[in-house]
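Each remark here refers to the structure printed beneath this line.
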Amino acid sequence: GTLIVNHTNVTNNLKNITIRNVEEGDKCVAAIASSGTAIIDYSYFANNTGCYGGALSSHGDFNPSNVAYMNVSNSYFENNNATFGGAIFMESTVFVVDNSTFINNGVTAVDYDKAQAMGGAIDTTNLSIKDGTLTIKTTGNASDSSAKGLKAGTLITIDGGSYDINTTDDGIHSDGNITINKGTFTITSKDDGIHADGLIEINGGTFTISASEGIEATYVKINDGVINITASDDGIN
């Protein structure tokens with residue numbers, strides 16, 4: 001099915017930030033949850049909490065033909081908190097965000113042997129950002145939680161926007177590849193500023209990165225852009 005949320009305020013939906021019966025499928029989901037197609041436009045999400053996404057969560061099928069889709073545009077996310085994806089969590093979901101603002105959304109690690117706090121603003125499989133303003137802060141301990149700013153399991157594509165990211169783990173992280181075409185990035189991280197297990201390709205943008213390692217990937221390809229890195233370890237690795 002299709003979920004459409006338009007010109008809506010969603011605030012103060014509070015769920016206990018604990019994980020219960022994960023293996024049995026209790027997702028303890030966000031204020032709004034979808035398993036099909038979700039279209040979010042001109043909406044406001046503030047002070048919502050959950051385990052899997054404070055404001056929004058989407059859960060598709062691991063079968064590639066049954067993935068979910070979420071499109072967020074012209075929306076504002078502020079002070080949402082979760083264990084996975086402070087504002088938005090997605091599993092087997094193709095996600096596109098356009099002209100939206102994320103302010104002070106965060107993750108909180110919990111005392112559970114399988115729990116790791118992941119994705120200060122967004123935790124998803126495929127992440128595509130066209131434009132917007134994102135201010136992200138995570139406070140988890142990077143040694144025992146994954147307090148990343150933007151996190152995707154497969155692919156991150158960024159085509160514009162302004163990003164102020166302050167994290168205790170990677171600022172922007174993909175288990176696969178990252179492509180950045182343009183945007184303005186200020187990243188402060190106690191780990192990597194930008195990290196991909198595969199390829200990082202930068203085609204433009206302005207970057208100010210202060211981190212343990214500025215840019216780290218198996219392959220790094222820089223075609224254009226203005227990049228300033230202050231690193232305690234490698235600048236580009």
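Order determines the names: the first chain of the structure tokens is A, the second B, and so forth; residues in each chain are numbered 1 upward, and ligands are numbered 1 upward as they are shown.
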
Selection: 9 Å around A:Gly225, only C-alpha atoms, excl. self and same-chain fewer than 3 positions, as a compact mmCIF listing (two decimals) with N, CA and C atoms, in the first residue's frame:
# COMPACT_ATOMS: atom_id res chain seq x y z
N ASN A 181 28.04 14.72 -5.20
CA ASN A 181 28.14 15.56 -6.39
C ASN A 181 28.28 17.04 -6.05
N LYS A 182 27.65 17.48 -4.99
CA LYS A 182 27.83 18.85 -4.52
C LYS A 182 27.22 18.97 -3.13
N ILE A 202 33.94 11.82 -5.17
CA ILE A 202 33.56 13.21 -4.93
C ILE A 202 33.69 13.98 -6.23
N ASN A 203 32.56 14.52 -6.70
CA ASN A 203 32.52 15.25 -7.96
C ASN A 203 32.38 16.75 -7.76
N GLY A 204 32.27 17.19 -6.54
CA GLY A 204 32.13 18.60 -6.23
C GLY A 204 31.74 18.79 -4.79
N GLY A 205 31.67 20.05 -4.36
CA GLY A 205 31.29 20.36 -3.00
C GLY A 205 32.42 21.02 -2.22
N THR A 206 32.06 21.55 -1.06
CA THR A 206 33.01 22.18 -0.16
C THR A 206 33.00 21.42 1.16
N PHE A 207 34.18 20.99 1.61
CA PHE A 207 34.30 20.11 2.77
C PHE A 207 35.26 20.70 3.79
N ILE A 222 38.52 11.54 -6.40
CA ILE A 222 38.14 12.94 -6.25
C ILE A 222 38.29 13.62 -7.60

message: Which residues are near A:Val97? Cut-off 7 Å, only C-alpha atoms, ignore same chain within fewer than 6 positions. Put them as a VMD selection string.
response: chain A and resid 71 to 73 128 to 130

Take the residues from that selection and put them in a file with C-alpha atoms, as a short mmCIF file (atom, residue, chain, number, x, y, z; two decimals), in the first residue's frame.
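So the final result, stored in selection.cif, reads:
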data_model
loop_
_atom_site.label_atom_id
_atom_site.label_comp_id
_atom_site.auth_asym_id
_atom_site.auth_seq_id
_atom_site.Cartn_x
_atom_site.Cartn_y
_atom_site.Cartn_z
CA ASN A 71 10.26 9.90 -0.16
CA VAL A 72 10.60 12.81 2.26
CA SER A 73 10.41 16.40 0.99
CA SER A 128 19.69 9.64 -1.78
CA ILE A 129 19.71 13.29 -0.69
CA LYS A 130 18.89 15.95 -3.27
#

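With only C-alpha atoms as the basis for measurement, A:Ile165 is the residue among A:Ile165, A:Val226, A:Ala196, A:Leu134 that approaches A:Ser210 most closely.
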
message: Taking only C-alpha atoms into account, name the residue in A:Gly161, A:Gly171, A:Gly149, A:Gly54 that is nearest to A:Asp192.
response: A:Gly171

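Comparing the minimum interatomic distances between A:Ile156 and each of A:Asn126, A:Thr135, A:Thr83, A:Thr168, counting only C-alpha atoms, we find that A:Asn126 sits nearest.
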